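Undergrad: Dumping the structure here so I can ask a few things about it.
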Amino acid sequence: MNLPVLDRLWVYLSASPLLYLLVTLLAFIAATRINRRLGGTPFLHPVIIAIVLLIGFLKLTRTDYVTYFEGAQFIHFLLGPATVALAIPLYDYRERVRRMLLPILLGGGAGIVMAVTSTVGLAMLMGASRETVLTLAPRSVTSPIAMGIAEKLGGIPSLAAGLVLLTGSVGCALGPVIFRLVKVRDPSVQGFAMGLAAHGFGTAHSFSSIGAVAGAFAGLSMGLTGLFTAFLLPPIVHLFGL
């Protein structure tokens, strides 16, 4: 078969799964620069821009997701160690965590109950289908946990992941505004609220824009949120008759 030179080159490159690892890294670097040129707006977070770039690339090259994930799974694997590593900065503030343990547990539990009940209640009032409601329910936890919970409940895991990203972007945009309005200045409280409301996006924002203390408490909040949601979400959903 006489293939054009570019087609032959693409066949050679696409045979290696590491190509998609490189494409993913390049997409995120490009997305970060685009976000900076746009003024760092959280509504166009680098992760969201990178997703759009990757979707365009996969569509253009007619690459299916399974083939892409063979290379990108290396980054996916690092999500676990990266989450565990959030405990390292938190260790430096263990005394503060010990003093605030009761407010942390109460705030985390109350935040999850409010997030789930408000989401499910509004979705049902607007006439959403059962599948859509169950997909929306875990939107306030980090993507891997939200996808797992949505799948177990009967929702759509891929849509749940997208809703988590949207929730994180909105949380990063509105969080600082709300802090100013209610005059919350304690970085540990700010960080905990960002991790609770905006999960991974909020944690990254806390580290980069507020400080190490806020980032540490955001990581703690993100972990607790995932744990609490796994236990509290099924009975709450059951109370709504779903």
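Labels used: A, B, ... for chains in the order of the structure tokens, numbers from 1 for residues in each chain, and numbers from 1 for ligands as shown.
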List the neighbours of region 223-232 of chain A out to 9 Å using only C-alpha atoms; skip same-chain residues closer than 4 positions along the sequence, and give me the result as a PyMOL selection string.
TA: chain A and resi 83+105+108-109+111-113+116+138+140-142+145-146+149+195-196+199+218-219+236-237
Undergrad: So that I have them on file, write out the residues from the current selection with C-alpha atoms, as a PDB file, in the first residue's frame.
TA:
ATOM      1  CA  THR A  83      -3.554  12.136  46.541  1.00  0.00           C
ATOM      2  CA  LEU A 105     -15.845  16.425  61.096  1.00  0.00           C
ATOM      3  CA  GLY A 108     -17.438  17.973  56.395  1.00  0.00           C
ATOM      4  CA  GLY A 109     -20.551  15.944  57.205  1.00  0.00           C
ATOM      5  CA  GLY A 111     -21.294  20.077  53.738  1.00  0.00           C
ATOM      6  CA  ILE A 112     -21.861  16.707  52.092  1.00  0.00           C
ATOM      7  CA  VAL A 113     -25.450  16.448  53.312  1.00  0.00           C
ATOM      8  CA  VAL A 116     -26.320  16.113  48.032  1.00  0.00           C
ATOM      9  CA  PRO A 138     -21.881  12.799  43.671  1.00  0.00           C
ATOM     10  CA  SER A 140     -19.026  17.412  44.905  1.00  0.00           C
ATOM     11  CA  VAL A 141     -16.328  14.752  45.223  1.00  0.00           C
ATOM     12  CA  THR A 142     -13.212  14.159  43.165  1.00  0.00           C
ATOM     13  CA  ILE A 145     -14.811   8.616  43.484  1.00  0.00           C
ATOM     14  CA  ALA A 146     -17.734  10.365  41.770  1.00  0.00           C
ATOM     15  CA  ILE A 149     -20.393   6.148  43.140  1.00  0.00           C
ATOM     16  CA  GLY A 195     -11.598  21.307  49.181  1.00  0.00           C
ATOM     17  CA  LEU A 196     -15.148  20.526  50.272  1.00  0.00           C
ATOM     18  CA  HIS A 199     -12.410  19.032  45.428  1.00  0.00           C
ATOM     19  CA  ALA A 218      -8.115  21.567  51.257  1.00  0.00           C
ATOM     20  CA  GLY A 219      -6.431  18.192  50.737  1.00  0.00           C
ATOM     21  CA  ILE A 236     -29.704  10.182  51.441  1.00  0.00           C
ATOM     22  CA  VAL A 237     -30.661   9.089  47.914  1.00  0.00           C
TER      23      VAL A 237
END
Undergrad: Just list as an NGL selection string whatever in region 17-224 of chain A DSSP marks as alpha helix (DSSP H).
TA: :A and (18-37 or 46-61 or 65-85 or 87-91 or 94-99 or 101-125 or 130-136 or 143-153 or 157-182 or 187-205 or 212-224)
Undergrad: Between CA of Ile156 (chain A) and CA of Arg130 (chain A), what is the spacing in Å?
TA: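 Atom-to-atom, CA of Arg130 (chain A) and CA of Ile156 (chain A) are spaced 10.8 Å apart.
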Undergrad: Out of A:Val189, A:Met147, A:Leu163, A:Leu90, which residue has the shortest atom-to-atom distance to Thr119 (chain A) when counting only C-alpha atoms?
TA: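 Of A:Val189, A:Met147, A:Leu163, A:Leu90, the one nearest Thr119 (chain A) is A:Leu163, counting only C-alpha atoms.
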Undergrad: Once you count only C-alpha atoms, what closest atom pair and distance in Å to one decimal does each residue of region 120-169 of chain A within 9 Å of region 35-51 of chain A have, with rows by chain and rising residue number, as a tab-separated table?
TA:
residue	atom	partner	partner_atom	distance
A:Leu165	CA	A:Ile48	CA	7.3
A:Leu166	CA	A:Phe43	CA	8.3
A:Gly168	CA	A:Pro42	CA	8.7
A:Ser169	CA	A:Phe43	CA	5.3
Undergrad: Which is closest to Phe77 (chain A) among A:Gly121, A:Pro89, A:Pro144, A:Gly127, if we use only C-alpha atoms?
TA: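 Going through A:Gly121, A:Pro89, A:Pro144, A:Gly127 one by one, the smallest distance to Phe77 (chain A) is for A:Pro144.
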Undergrad: In Å, with one decimal, what is the gap from CA of Pro103 (chain A) to CA of Ala193 (chain A)?
TA: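 For CA of Pro103 (chain A) relative to CA of Ala193 (chain A), the distance reads 12.0 Å.
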Undergrad: Find, counting only C-alpha atoms, the residue in A:Ser221, A:Leu122, A:Leu233, A:Ala87 that gets nearest to Lys152 (chain A).
TA: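 Distance minimum relative to Lys152 (chain A) lands on A:Leu233.
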Undergrad: Residues within 7 Å of region 207-217 of chain A, please, as an NGL selection string. Count only C-alpha atoms; anything in the same chain fewer than 4 positions from it doesn't count.
TA: :A and (86 or 89-90 or 187-188 or 190-192 or 203 or 221)
Undergrad: From the options A:Val184, A:Ala85, A:Tyr20, A:Ile34, which residue's atoms come nearest to Thr67 (chain A), counting only C-alpha atoms?
TA: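 Of all the options, A:Tyr20 lies closest to Thr67 (chain A).
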Undergrad: Which residues are near Glu131 (chain A)? Cut-off 10 Å, only C-alpha atoms, ignore same chain within fewer than 5 positions. Put them as a list of chain:residue names.
TA: A:Leu136, A:Ala150, A:Leu153, A:Gly154, A:Gly155, A:Ile156, A:Leu242
Undergrad: How would the residues just picked look written out with N, CA, C and O atoms as a short mmCIF file (atom, residue, chain, number, x, y, z; two decimals), in the first residue's frame?
TA:
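New file result.cif:
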data_model
loop_
_atom_site.label_atom_id
_atom_site.label_comp_id
_atom_site.auth_asym_id
_atom_site.auth_seq_id
_atom_site.Cartn_x
_atom_site.Cartn_y
_atom_site.Cartn_z
N LEU A 136 -25.93 13.31 39.02
CA LEU A 136 -25.64 14.61 39.64
C LEU A 136 -25.27 14.49 41.12
O LEU A 136 -24.50 15.30 41.63
N ALA A 150 -21.38 7.01 41.09
CA ALA A 150 -22.44 7.12 40.08
C ALA A 150 -22.72 5.78 39.42
O ALA A 150 -23.88 5.41 39.19
N LEU A 153 -24.68 3.54 41.84
CA LEU A 153 -26.05 3.98 42.07
C LEU A 153 -26.94 3.83 40.84
O LEU A 153 -28.16 3.87 40.94
N GLY A 154 -26.32 3.69 39.66
CA GLY A 154 -27.10 3.58 38.44
C GLY A 154 -27.06 4.83 37.59
O GLY A 154 -27.90 5.00 36.70
N GLY A 155 -26.07 5.71 37.86
CA GLY A 155 -25.91 6.91 37.06
C GLY A 155 -24.98 6.69 35.88
O GLY A 155 -24.69 5.55 35.51
N ILE A 156 -24.51 7.79 35.29
CA ILE A 156 -23.62 7.73 34.12
C ILE A 156 -22.23 8.21 34.56
O ILE A 156 -22.04 9.41 34.78
N LEU A 242 -35.23 7.24 45.55
CA LEU A 242 -34.56 6.87 44.30
C LEU A 242 -33.91 5.48 44.41
O LEU A 242 -33.58 5.04 45.48
#
Undergrad: Tell me which of A:Gly71, A:Gly162, A:Gly107, A:Pro157 sits closest to Val52 (chain A), counting only C-alpha atoms.
TA: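 Closest residue, counting only C-alpha atoms: A:Gly162.
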